[in-house]
Amino acid sequence: MYRIKEAFYTLQGEGAQAGRAAVFCRFSKCNLWNGRESGRATAVCTFCDTDFVGTDGQNGGQFETAADLAAHVALLWPHDTGRPYVVCTGGEPLLQLDEPLIAALHQRGFEVGVETNGTLPAPDGIDWLCVSPKATAPVVIEQCDELKLVYPQIDAMPERFESIRARHFFLSPMASPVAPTEGPDRLKTANTRKATEYCLAHPQWRLTLQMHKIVGID
Ligand SMILES: C[S@@+](CC[C@H](N)C(=O)[O-])C[C@H]1O[C@@H](n2cnc3c(N)ncnc32)[C@H](O)[C@@H]1O
Ligand SMILES: Nc1nc2[nH]cc(C(=O)O)c2c(=O)[nH]1
Ligand code: SF4
Ligand SMILES: [Mg+2]
């Protein structure tokens, strides 16, 4: 059984795949926060900008089999040609994503991307793996396509992750979990300035912005 909070077609807003059309499949639950505001202050990850509790979002639900969920995701890709792309996120997708689901998505023609906090082992077969470390939580994934660190985090400064093998190293300015406004100025914050300064001083790291929040899409 797979529990999905929501699923939708949008553009990947972050990292090296930013701007690419994808079906986002948001898994319920996370191992670093229970998702309730009352538990945020004592969570390991305290700045999450996402509601991943339950299965009540758009196109959310419970899916008995990998084939059922893959069929559901395939219905959200609005094209007949080209290679479809799915981004498995959450919550923490690696609590649920397994090899049968990756195989079922591949069978539907999908390239499979994953957004993870890196604290759980990744199943084989993922086509694009993005690891985004959180606070003191130990990262067990040693190799990925991109390391995308929310910055600044006192307990997770960039130097700690430079031994992870990754094709890209990104800093993503920490955004307010509840940001009321949208538009070009929304991400012009103190954290964006700090991330910019770090990248200027350490050119191994690149800046990425949450493009979807600038343009006002999911
Ligand atoms: C909601 S998380 C879900 C996937 C996984 N649990 C993780 O943390 O990577 C998706 C992405 O949003 C990022 N994110 C969450 N809250 C954020 C915030 N306040 N500012 C910037 N990025 C944030 C995460 O670091 C991660 O890269
Ligand atoms: N457009 C868009 N891009 C994203 N990249 C990572 C996201 C996530 O929440 O995992 C996300 C998201 O929620 N929306
Ligand atoms: S950002 Fe990721 S790790 Fe942190 S609470 Fe949200 S879903 Fe969990
Ligand atoms: Mg998001």
# chains A, B, ... in the order shown; residues from 1 in each chain; ligands from 1
$ residues_near_ligand --ligand "ligand 1" --cutoff "10 Å" --atoms "only C-alpha atoms and all ligand atoms" --output "number ranges by chain"
A: 13-15, 26-33, 45-52, 87-95, 114-119, 130-134, 147-152, 171-179, 187, 191, 208-210
$ residues_around --residues "stretch 23-25 of chain A" --least-positions-apart "5" --cutoff "12 Å" --atoms "only C-alpha atoms" --output "PDB file with N, CA and C atoms, in the first residue's frame"
ATOM      1  N   TYR A   2       0.592   2.171  -0.923  1.00  0.00           N
ATOM      2  CA  TYR A   2       1.313   3.450  -0.984  1.00  0.00           C
ATOM      3  C   TYR A   2       0.350   4.565  -0.598  1.00  0.00           C
ATOM      4  N   ARG A   3       0.816   5.444   0.280  1.00  0.00           N
ATOM      5  CA  ARG A   3      -0.015   6.578   0.704  1.00  0.00           C
ATOM      6  C   ARG A   3       0.536   7.855   0.083  1.00  0.00           C
ATOM      7  N   ILE A   4      -0.320   8.528  -0.700  1.00  0.00           N
ATOM      8  CA  ILE A   4       0.089   9.697  -1.475  1.00  0.00           C
ATOM      9  C   ILE A   4      -0.727  10.904  -1.023  1.00  0.00           C
ATOM     10  N   LYS A   5      -0.030  11.950  -0.629  1.00  0.00           N
ATOM     11  CA  LYS A   5      -0.703  13.180  -0.190  1.00  0.00           C
ATOM     12  C   LYS A   5      -1.364  13.890  -1.364  1.00  0.00           C
ATOM     13  N   GLU A   6      -0.588  14.040  -2.461  1.00  0.00           N
ATOM     14  CA  GLU A   6      -1.084  14.770  -3.630  1.00  0.00           C
ATOM     15  C   GLU A   6      -0.201  14.420  -4.822  1.00  0.00           C
ATOM     16  N   ALA A   7      -0.721  14.667  -6.012  1.00  0.00           N
ATOM     17  CA  ALA A   7       0.066  14.470  -7.230  1.00  0.00           C
ATOM     18  C   ALA A   7      -0.402  15.498  -8.253  1.00  0.00           C
ATOM     19  N   PHE A   8       0.556  16.091  -8.976  1.00  0.00           N
ATOM     20  CA  PHE A   8       0.190  17.170  -9.907  1.00  0.00           C
ATOM     21  C   PHE A   8       1.280  17.343 -10.953  1.00  0.00           C
ATOM     22  N   TYR A   9       0.872  17.916 -12.062  1.00  0.00           N
ATOM     23  CA  TYR A   9       1.784  18.201 -13.177  1.00  0.00           C
ATOM     24  C   TYR A   9       2.264  19.635 -13.053  1.00  0.00           C
ATOM     25  N   THR A  10       3.577  19.827 -13.059  1.00  0.00           N
ATOM     26  CA  THR A  10       4.114  21.183 -12.912  1.00  0.00           C
ATOM     27  C   THR A  10       5.517  21.220 -13.512  1.00  0.00           C
ATOM     28  N   LEU A  11       6.236  22.314 -13.257  1.00  0.00           N
ATOM     29  CA  LEU A  11       7.651  22.372 -13.626  1.00  0.00           C
ATOM     30  C   LEU A  11       8.493  22.163 -12.383  1.00  0.00           C
ATOM     31  N   GLN A  12       9.522  21.322 -12.475  1.00  0.00           N
ATOM     32  CA  GLN A  12      10.483  21.217 -11.382  1.00  0.00           C
ATOM     33  C   GLN A  12      11.032  22.621 -11.129  1.00  0.00           C
ATOM     34  N   GLY A  13      10.955  23.066  -9.886  1.00  0.00           N
ATOM     35  CA  GLY A  13      11.361  24.440  -9.584  1.00  0.00           C
ATOM     36  C   GLY A  13      12.779  24.582  -9.064  1.00  0.00           C
ATOM     37  N   PHE A  52       2.378  17.365   4.181  1.00  0.00           N
ATOM     38  CA  PHE A  52       2.455  15.981   3.677  1.00  0.00           C
ATOM     39  C   PHE A  52       1.645  15.025   4.550  1.00  0.00           C
ATOM     40  N   THR A  55      -3.838  11.842   3.006  1.00  0.00           N
ATOM     41  CA  THR A  55      -3.916  11.493   1.575  1.00  0.00           C
ATOM     42  C   THR A  55      -4.994  12.326   0.883  1.00  0.00           C
ATOM     43  N   GLY A  57      -4.960  15.494  -0.477  1.00  0.00           N
ATOM     44  CA  GLY A  57      -4.651  16.558  -1.429  1.00  0.00           C
ATOM     45  C   GLY A  57      -5.159  16.238  -2.827  1.00  0.00           C
ATOM     46  N   GLN A  58      -4.852  17.139  -3.797  1.00  0.00           N
ATOM     47  CA  GLN A  58      -5.304  16.901  -5.174  1.00  0.00           C
ATOM     48  C   GLN A  58      -4.667  15.615  -5.717  1.00  0.00           C
ATOM     49  N   ASN A  59      -5.498  14.741  -6.246  1.00  0.00           N
ATOM     50  CA  ASN A  59      -5.066  13.437  -6.783  1.00  0.00           C
ATOM     51  C   ASN A  59      -4.346  12.580  -5.745  1.00  0.00           C
ATOM     52  N   GLY A  60      -4.604  12.828  -4.470  1.00  0.00           N
ATOM     53  CA  GLY A  60      -4.022  11.982  -3.426  1.00  0.00           C
ATOM     54  C   GLY A  60      -4.847  10.721  -3.236  1.00  0.00           C
ATOM     55  N   GLY A  61      -4.348   9.830  -2.370  1.00  0.00           N
ATOM     56  CA  GLY A  61      -5.103   8.611  -2.073  1.00  0.00           C
ATOM     57  C   GLY A  61      -4.200   7.476  -1.639  1.00  0.00           C
ATOM     58  N   LEU A  69      -0.527   2.697  -8.602  1.00  0.00           N
ATOM     59  CA  LEU A  69       0.008   4.055  -8.425  1.00  0.00           C
ATOM     60  C   LEU A  69       0.661   4.539  -9.717  1.00  0.00           C
ATOM     61  N   ALA A  70       1.381   3.663 -10.403  1.00  0.00           N
ATOM     62  CA  ALA A  70       2.019   4.070 -11.661  1.00  0.00           C
ATOM     63  C   ALA A  70       0.967   4.471 -12.697  1.00  0.00           C
ATOM     64  N   HIS A  72      -1.967   5.741 -12.039  1.00  0.00           N
ATOM     65  CA  HIS A  72      -2.485   7.031 -11.571  1.00  0.00           C
ATOM     66  C   HIS A  72      -1.546   8.166 -11.983  1.00  0.00           C
ATOM     67  N   VAL A  73      -0.252   7.976 -11.771  1.00  0.00           N
ATOM     68  CA  VAL A  73       0.748   8.986 -12.142  1.00  0.00           C
ATOM     69  C   VAL A  73       0.732   9.199 -13.656  1.00  0.00           C
ATOM     70  N   ALA A  74       0.614   8.119 -14.418  1.00  0.00           N
ATOM     71  CA  ALA A  74       0.645   8.206 -15.885  1.00  0.00           C
ATOM     72  C   ALA A  74      -0.522   9.041 -16.415  1.00  0.00           C
ATOM     73  N   LEU A  75      -1.672   8.967 -15.731  1.00  0.00           N
ATOM     74  CA  LEU A  75      -2.839   9.754 -16.159  1.00  0.00           C
ATOM     75  C   LEU A  75      -2.584  11.258 -16.031  1.00  0.00           C
ATOM     76  N   LEU A  76      -1.629  11.634 -15.188  1.00  0.00           N
ATOM     77  CA  LEU A  76      -1.366  13.058 -14.958  1.00  0.00           C
ATOM     78  C   LEU A  76      -0.349  13.638 -15.929  1.00  0.00           C
ATOM     79  N   TRP A  77       0.281  12.768 -16.738  1.00  0.00           N
ATOM     80  CA  TRP A  77       1.233  13.257 -17.756  1.00  0.00           C
ATOM     81  C   TRP A  77       0.437  13.539 -19.030  1.00  0.00           C
ATOM     82  N   PRO A  78       0.282  14.815 -19.408  1.00  0.00           N
ATOM     83  CA  PRO A  78      -0.699  15.161 -20.439  1.00  0.00           C
ATOM     84  C   PRO A  78      -0.188  15.088 -21.876  1.00  0.00           C
ATOM     85  N   HIS A  79       0.689  14.148 -22.173  1.00  0.00           N
ATOM     86  CA  HIS A  79       1.249  14.043 -23.526  1.00  0.00           C
ATOM     87  C   HIS A  79       1.322  12.583 -23.956  1.00  0.00           C
ATOM     88  N   ARG A  83       9.599  11.519 -23.378  1.00  0.00           N
ATOM     89  CA  ARG A  83       9.823  10.720 -22.172  1.00  0.00           C
ATOM     90  C   ARG A  83       9.212  11.430 -20.974  1.00  0.00           C
ATOM     91  N   PRO A  84       8.190  10.820 -20.340  1.00  0.00           N
ATOM     92  CA  PRO A  84       7.611  11.479 -19.174  1.00  0.00           C
ATOM     93  C   PRO A  84       8.548  11.418 -17.964  1.00  0.00           C
ATOM     94  N   TYR A  85       8.396  12.377 -17.083  1.00  0.00           N
ATOM     95  CA  TYR A  85       9.255  12.501 -15.908  1.00  0.00           C
ATOM     96  C   TYR A  85       8.377  12.588 -14.663  1.00  0.00           C
ATOM     97  N   VAL A  86       8.721  11.803 -13.649  1.00  0.00           N
ATOM     98  CA  VAL A  86       8.014  11.880 -12.369  1.00  0.00           C
ATOM     99  C   VAL A  86       9.020  12.208 -11.281  1.00  0.00           C
ATOM    100  N   VAL A  87       8.654  13.110 -10.380  1.00  0.00           N
ATOM    101  CA  VAL A  87       9.484  13.424  -9.214  1.00  0.00           C
ATOM    102  C   VAL A  87       8.766  12.904  -7.975  1.00  0.00           C
ATOM    103  N   CYS A  88       9.381  11.933  -7.331  1.00  0.00           N
ATOM    104  CA  CYS A  88       8.840  11.374  -6.092  1.00  0.00           C
ATOM    105  C   CYS A  88       9.369  12.201  -4.932  1.00  0.00           C
ATOM    106  N   THR A  89       8.448  12.839  -4.200  1.00  0.00           N
ATOM    107  CA  THR A  89       8.855  13.696  -3.102  1.00  0.00           C
ATOM    108  C   THR A  89       7.910  13.448  -1.927  1.00  0.00           C
ATOM    109  N   GLY A  90       7.863  14.389  -1.005  1.00  0.00           N
ATOM    110  CA  GLY A  90       7.010  14.141   0.145  1.00  0.00           C
ATOM    111  C   GLY A  90       6.904  15.373   1.011  1.00  0.00           C
ATOM    112  N   GLY A  91       6.870  15.110   2.262  1.00  0.00           N
ATOM    113  CA  GLY A  91       7.206  13.947   3.039  1.00  0.00           C
ATOM    114  C   GLY A  91       8.526  13.330   2.585  1.00  0.00           C
ATOM    115  N   GLU A  92       8.773  12.180   3.153  1.00  0.00           N
ATOM    116  CA  GLU A  92      10.007  11.478   2.795  1.00  0.00           C
ATOM    117  C   GLU A  92       9.667  10.265   1.927  1.00  0.00           C
ATOM    118  N   PRO A  93       9.926  10.369   0.617  1.00  0.00           N
ATOM    119  CA  PRO A  93       9.506   9.301  -0.299  1.00  0.00           C
ATOM    120  C   PRO A  93      10.192   7.963  -0.016  1.00  0.00           C
ATOM    121  N   GLN A  96       8.597   4.875   1.532  1.00  0.00           N
ATOM    122  CA  GLN A  96       7.649   4.044   0.785  1.00  0.00           C
ATOM    123  C   GLN A  96       8.135   3.593  -0.586  1.00  0.00           C
ATOM    124  N   LEU A  97       8.924   4.426  -1.241  1.00  0.00           N
ATOM    125  CA  LEU A  97       9.351   4.091  -2.612  1.00  0.00           C
ATOM    126  C   LEU A  97      10.206   2.826  -2.593  1.00  0.00           C
ATOM    127  N   LEU A 105       6.835   2.358 -12.704  1.00  0.00           N
ATOM    128  CA  LEU A 105       6.933   3.684 -13.340  1.00  0.00           C
ATOM    129  C   LEU A 105       7.765   3.591 -14.615  1.00  0.00           C
ATOM    130  N   PHE A 110       8.251   6.230 -17.609  1.00  0.00           N
ATOM    131  CA  PHE A 110       8.739   7.372 -16.834  1.00  0.00           C
ATOM    132  C   PHE A 110      10.220   7.281 -16.506  1.00  0.00           C
ATOM    133  N   GLU A 111      10.859   8.445 -16.551  1.00  0.00           N
ATOM    134  CA  GLU A 111      12.141   8.647 -15.903  1.00  0.00           C
ATOM    135  C   GLU A 111      11.796   9.023 -14.457  1.00  0.00           C
ATOM    136  N   VAL A 112      12.513   8.472 -13.501  1.00  0.00           N
ATOM    137  CA  VAL A 112      12.118   8.609 -12.093  1.00  0.00           C
ATOM    138  C   VAL A 112      13.124   9.467 -11.328  1.00  0.00           C
ATOM    139  N   GLY A 113      12.655  10.624 -10.853  1.00  0.00           N
ATOM    140  CA  GLY A 113      13.452  11.481  -9.975  1.00  0.00           C
ATOM    141  C   GLY A 113      12.966  11.345  -8.544  1.00  0.00           C
ATOM    142  N   VAL A 114      13.865  11.577  -7.597  1.00  0.00           N
ATOM    143  CA  VAL A 114      13.519  11.473  -6.173  1.00  0.00           C
ATOM    144  C   VAL A 114      14.123  12.649  -5.422  1.00  0.00           C
ATOM    145  N   GLU A 115      13.336  13.212  -4.502  1.00  0.00           N
ATOM    146  CA  GLU A 115      13.815  14.249  -3.574  1.00  0.00           C
ATOM    147  C   GLU A 115      13.818  13.630  -2.187  1.00  0.00           C
ATOM    148  N   ASP A 218       2.449  25.356  -8.563  1.00  0.00           N
ATOM    149  CA  ASP A 218       2.676  24.364  -7.515  1.00  0.00           C
ATOM    150  C   ASP A 218       4.106  23.843  -7.547  1.00  0.00           C
TER     151      ASP A 218
END
$ closest_residue --among "A:His212, A:Arg186, A:Arg165, A:His106" --to "A:Ile126" --atoms "only C-alpha atoms"
A:His106
$ residues_around --residues "A:Arg206" --least-positions-apart "3" --cutoff "7 Å" --atoms "only C-alpha atoms" --output "list in words"
Phe169, Phe170, Leu171, Cys199 and Pro203 of chain A
$ atom_distance --atom1 "atom CA of A:Gly35" --atom2 "atom 12 (C, counted along the ligand's line) of ligand 2"
16.4 Å
$ closest_residue --among "A:Phe161, A:Gly109, A:Thr81, A:Ala135" --to "ligand 3" --atoms "only C-alpha atoms and all ligand atoms"
A:Ala135
$ select_by_dssp --residues "stretch 15-213 of chain A" --states "alpha helix (DSSP H)" --output "PDB file with C-alpha atoms, in the first residue's frame"
ATOM      1  CA  GLU A  37       2.562  22.639  13.618  1.00  0.00           C
ATOM      2  CA  SER A  38       2.486  21.644  17.302  1.00  0.00           C
ATOM      3  CA  GLY A  39       5.429  19.316  16.666  1.00  0.00           C
ATOM      4  CA  ARG A  40       7.503  21.635  14.488  1.00  0.00           C
ATOM      5  CA  ALA A  66       2.765  -0.362  -7.549  1.00  0.00           C
ATOM      6  CA  ALA A  67       0.913  -0.827 -10.850  1.00  0.00           C
ATOM      7  CA  ASP A  68      -2.111   1.083  -9.490  1.00  0.00           C
ATOM      8  CA  LEU A  69       0.008   4.055  -8.425  1.00  0.00           C
ATOM      9  CA  ALA A  70       2.019   4.070 -11.661  1.00  0.00           C
ATOM     10  CA  ALA A  71      -1.234   4.105 -13.667  1.00  0.00           C
ATOM     11  CA  HIS A  72      -2.485   7.031 -11.571  1.00  0.00           C
ATOM     12  CA  VAL A  73       0.748   8.986 -12.142  1.00  0.00           C
ATOM     13  CA  ALA A  74       0.645   8.206 -15.885  1.00  0.00           C
ATOM     14  CA  LEU A  75      -2.839   9.754 -16.159  1.00  0.00           C
ATOM     15  CA  GLU A  99      11.927  -1.305  -6.454  1.00  0.00           C
ATOM     16  CA  PRO A 100       8.497  -2.600  -7.582  1.00  0.00           C
ATOM     17  CA  LEU A 101       7.178   0.984  -7.810  1.00  0.00           C
ATOM     18  CA  ILE A 102      10.263   2.181  -9.705  1.00  0.00           C
ATOM     19  CA  ALA A 103       9.840  -0.779 -12.085  1.00  0.00           C
ATOM     20  CA  ALA A 104       6.139   0.018 -12.578  1.00  0.00           C
ATOM     21  CA  LEU A 105       6.933   3.684 -13.340  1.00  0.00           C
ATOM     22  CA  HIS A 106       9.654   2.617 -15.783  1.00  0.00           C
ATOM     23  CA  GLN A 107       7.174   0.264 -17.431  1.00  0.00           C
ATOM     24  CA  ALA A 190      18.481  37.640   4.020  1.00  0.00           C
ATOM     25  CA  ASN A 191      18.908  33.887   3.468  1.00  0.00           C
ATOM     26  CA  THR A 192      19.183  34.397  -0.283  1.00  0.00           C
ATOM     27  CA  ARG A 193      21.909  36.983   0.289  1.00  0.00           C
ATOM     28  CA  LYS A 194      23.761  34.612   2.630  1.00  0.00           C
ATOM     29  CA  ALA A 195      23.557  31.733   0.149  1.00  0.00           C
ATOM     30  CA  THR A 196      24.734  34.054  -2.628  1.00  0.00           C
ATOM     31  CA  GLU A 197      27.726  35.143  -0.569  1.00  0.00           C
ATOM     32  CA  TYR A 198      28.639  31.552   0.255  1.00  0.00           C
ATOM     33  CA  CYS A 199      28.567  30.561  -3.428  1.00  0.00           C
ATOM     34  CA  LEU A 200      30.704  33.567  -4.352  1.00  0.00           C
ATOM     35  CA  ALA A 201      33.286  32.481  -1.761  1.00  0.00           C
ATOM     36  CA  MET A 211      11.485  29.052  -9.198  1.00  0.00           C
ATOM     37  CA  HIS A 212       7.927  27.731  -8.772  1.00  0.00           C
ATOM     38  CA  LYS A 213       7.351  30.181  -5.909  1.00  0.00           C
TER      39      LYS A 213
END
$ closest_residue --among "A:Ala21, A:Ala122, A:Ala137, A:Ile217" --to "ligand 4" --atoms "only C-alpha atoms and all ligand atoms"
A:Ile217
$ closest_residue --among "A:Thr189, A:Arg108, A:Phe63, A:Leu129" --to "ligand 2" --atoms "only C-alpha atoms and all ligand atoms"
A:Leu129
$ closest_residue --among "A:Val139, A:Val215, A:Cys144, A:Val44" --to "ligand 2" --atoms "only C-alpha atoms and all ligand atoms"
A:Val215
$ atom_distance --atom1 "atom CA of A:Thr136" --atom2 "atom CA of A:Asp155"
5.6 Å
$ closest_residue --among "A:Asp145, A:Pro158, A:Met1, A:Gly19" --to "ligand 2" --atoms "only C-alpha atoms and all ligand atoms"
A:Gly19
$ decode --residues "stretch 23-110 of chain A" --atoms "C-alpha atoms" --output "PDB file, in the first residue's frame"
ATOM      1  CA  VAL A  23       4.480  14.892 -12.467  1.00  0.00           C
ATOM      2  CA  PHE A  24       5.123  15.475  -8.769  1.00  0.00           C
ATOM      3  CA  CYS A  25       4.079  12.564  -6.592  1.00  0.00           C
ATOM      4  CA  ARG A  26       4.092  13.644  -2.952  1.00  0.00           C
ATOM      5  CA  PHE A  27       4.263  10.733  -0.503  1.00  0.00           C
ATOM      6  CA  SER A  28       2.651  11.044   2.917  1.00  0.00           C
ATOM      7  CA  LYS A  29       4.705  11.048   6.129  1.00  0.00           C
ATOM      8  CA  CYS A  30       8.257  12.010   7.036  1.00  0.00           C
ATOM      9  CA  ASN A  31      10.786  10.548   9.461  1.00  0.00           C
ATOM     10  CA  LEU A  32      12.077  13.986  10.548  1.00  0.00           C
ATOM     11  CA  TRP A  33       8.772  15.752  11.406  1.00  0.00           C
ATOM     12  CA  ASN A  34       5.252  14.543  12.164  1.00  0.00           C
ATOM     13  CA  GLY A  35       3.877  17.319   9.940  1.00  0.00           C
ATOM     14  CA  ARG A  36       1.848  19.010  12.681  1.00  0.00           C
ATOM     15  CA  GLU A  37       2.562  22.639  13.618  1.00  0.00           C
ATOM     16  CA  SER A  38       2.486  21.644  17.302  1.00  0.00           C
ATOM     17  CA  GLY A  39       5.429  19.316  16.666  1.00  0.00           C
ATOM     18  CA  ARG A  40       7.503  21.635  14.488  1.00  0.00           C
ATOM     19  CA  ALA A  41       9.658  23.195  17.256  1.00  0.00           C
ATOM     20  CA  THR A  42      10.830  19.820  18.545  1.00  0.00           C
ATOM     21  CA  ALA A  43      11.254  18.155  15.142  1.00  0.00           C
ATOM     22  CA  VAL A  44      14.659  17.314  13.629  1.00  0.00           C
ATOM     23  CA  CYS A  45      13.641  19.272  10.515  1.00  0.00           C
ATOM     24  CA  THR A  46      11.952  22.517  11.607  1.00  0.00           C
ATOM     25  CA  PHE A  47      11.612  24.612   8.429  1.00  0.00           C
ATOM     26  CA  CYS A  48       9.561  22.387   6.129  1.00  0.00           C
ATOM     27  CA  ASP A  49       7.400  24.346   3.667  1.00  0.00           C
ATOM     28  CA  THR A  50       5.165  21.386   2.794  1.00  0.00           C
ATOM     29  CA  ASP A  51       1.945  19.733   3.998  1.00  0.00           C
ATOM     30  CA  PHE A  52       2.455  15.981   3.677  1.00  0.00           C
ATOM     31  CA  VAL A  53      -0.073  14.753   6.264  1.00  0.00           C
ATOM     32  CA  GLY A  54      -2.733  12.320   5.077  1.00  0.00           C
ATOM     33  CA  THR A  55      -3.916  11.493   1.575  1.00  0.00           C
ATOM     34  CA  ASP A  56      -6.463  14.282   1.057  1.00  0.00           C
ATOM     35  CA  GLY A  57      -4.651  16.558  -1.429  1.00  0.00           C
ATOM     36  CA  GLN A  58      -5.304  16.901  -5.174  1.00  0.00           C
ATOM     37  CA  ASN A  59      -5.066  13.437  -6.783  1.00  0.00           C
ATOM     38  CA  GLY A  60      -4.022  11.982  -3.426  1.00  0.00           C
ATOM     39  CA  GLY A  61      -5.103   8.611  -2.073  1.00  0.00           C
ATOM     40  CA  GLN A  62      -4.108   5.109  -1.071  1.00  0.00           C
ATOM     41  CA  PHE A  63      -2.889   2.757  -3.767  1.00  0.00           C
ATOM     42  CA  GLU A  64      -2.849  -0.994  -3.199  1.00  0.00           C
ATOM     43  CA  THR A  65      -0.189  -1.909  -5.745  1.00  0.00           C
ATOM     44  CA  ALA A  66       2.765  -0.362  -7.549  1.00  0.00           C
ATOM     45  CA  ALA A  67       0.913  -0.827 -10.850  1.00  0.00           C
ATOM     46  CA  ASP A  68      -2.111   1.083  -9.490  1.00  0.00           C
ATOM     47  CA  LEU A  69       0.008   4.055  -8.425  1.00  0.00           C
ATOM     48  CA  ALA A  70       2.019   4.070 -11.661  1.00  0.00           C
ATOM     49  CA  ALA A  71      -1.234   4.105 -13.667  1.00  0.00           C
ATOM     50  CA  HIS A  72      -2.485   7.031 -11.571  1.00  0.00           C
ATOM     51  CA  VAL A  73       0.748   8.986 -12.142  1.00  0.00           C
ATOM     52  CA  ALA A  74       0.645   8.206 -15.885  1.00  0.00           C
ATOM     53  CA  LEU A  75      -2.839   9.754 -16.159  1.00  0.00           C
ATOM     54  CA  LEU A  76      -1.366  13.058 -14.958  1.00  0.00           C
ATOM     55  CA  TRP A  77       1.233  13.257 -17.756  1.00  0.00           C
ATOM     56  CA  PRO A  78      -0.699  15.161 -20.439  1.00  0.00           C
ATOM     57  CA  HIS A  79       1.249  14.043 -23.526  1.00  0.00           C
ATOM     58  CA  ASP A  80       1.417  11.042 -25.820  1.00  0.00           C
ATOM     59  CA  THR A  81       5.006  11.520 -26.952  1.00  0.00           C
ATOM     60  CA  GLY A  82       8.356  12.223 -25.329  1.00  0.00           C
ATOM     61  CA  ARG A  83       9.823  10.720 -22.172  1.00  0.00           C
ATOM     62  CA  PRO A  84       7.611  11.479 -19.174  1.00  0.00           C
ATOM     63  CA  TYR A  85       9.255  12.501 -15.908  1.00  0.00           C
ATOM     64  CA  VAL A  86       8.014  11.880 -12.369  1.00  0.00           C
ATOM     65  CA  VAL A  87       9.484  13.424  -9.214  1.00  0.00           C
ATOM     66  CA  CYS A  88       8.840  11.374  -6.092  1.00  0.00           C
ATOM     67  CA  THR A  89       8.855  13.696  -3.102  1.00  0.00           C
ATOM     68  CA  GLY A  90       7.010  14.141   0.145  1.00  0.00           C
ATOM     69  CA  GLY A  91       7.206  13.947   3.039  1.00  0.00           C
ATOM     70  CA  GLU A  92      10.007  11.478   2.795  1.00  0.00           C
ATOM     71  CA  PRO A  93       9.506   9.301  -0.299  1.00  0.00           C
ATOM     72  CA  LEU A  94      12.121   6.712   0.731  1.00  0.00           C
ATOM     73  CA  LEU A  95       9.820   5.563   3.548  1.00  0.00           C
ATOM     74  CA  GLN A  96       7.649   4.044   0.785  1.00  0.00           C
ATOM     75  CA  LEU A  97       9.351   4.091  -2.612  1.00  0.00           C
ATOM     76  CA  ASP A  98      10.567   0.594  -3.453  1.00  0.00           C
ATOM     77  CA  GLU A  99      11.927  -1.305  -6.454  1.00  0.00           C
ATOM     78  CA  PRO A 100       8.497  -2.600  -7.582  1.00  0.00           C
ATOM     79  CA  LEU A 101       7.178   0.984  -7.810  1.00  0.00           C
ATOM     80  CA  ILE A 102      10.263   2.181  -9.705  1.00  0.00           C
ATOM     81  CA  ALA A 103       9.840  -0.779 -12.085  1.00  0.00           C
ATOM     82  CA  ALA A 104       6.139   0.018 -12.578  1.00  0.00           C
ATOM     83  CA  LEU A 105       6.933   3.684 -13.340  1.00  0.00           C
ATOM     84  CA  HIS A 106       9.654   2.617 -15.783  1.00  0.00           C
ATOM     85  CA  GLN A 107       7.174   0.264 -17.431  1.00  0.00           C
ATOM     86  CA  ARG A 108       4.905   3.290 -17.978  1.00  0.00           C
ATOM     87  CA  GLY A 109       7.847   5.008 -19.677  1.00  0.00           C
ATOM     88  CA  PHE A 110       8.739   7.372 -16.834  1.00  0.00           C
TER      89      PHE A 110
END
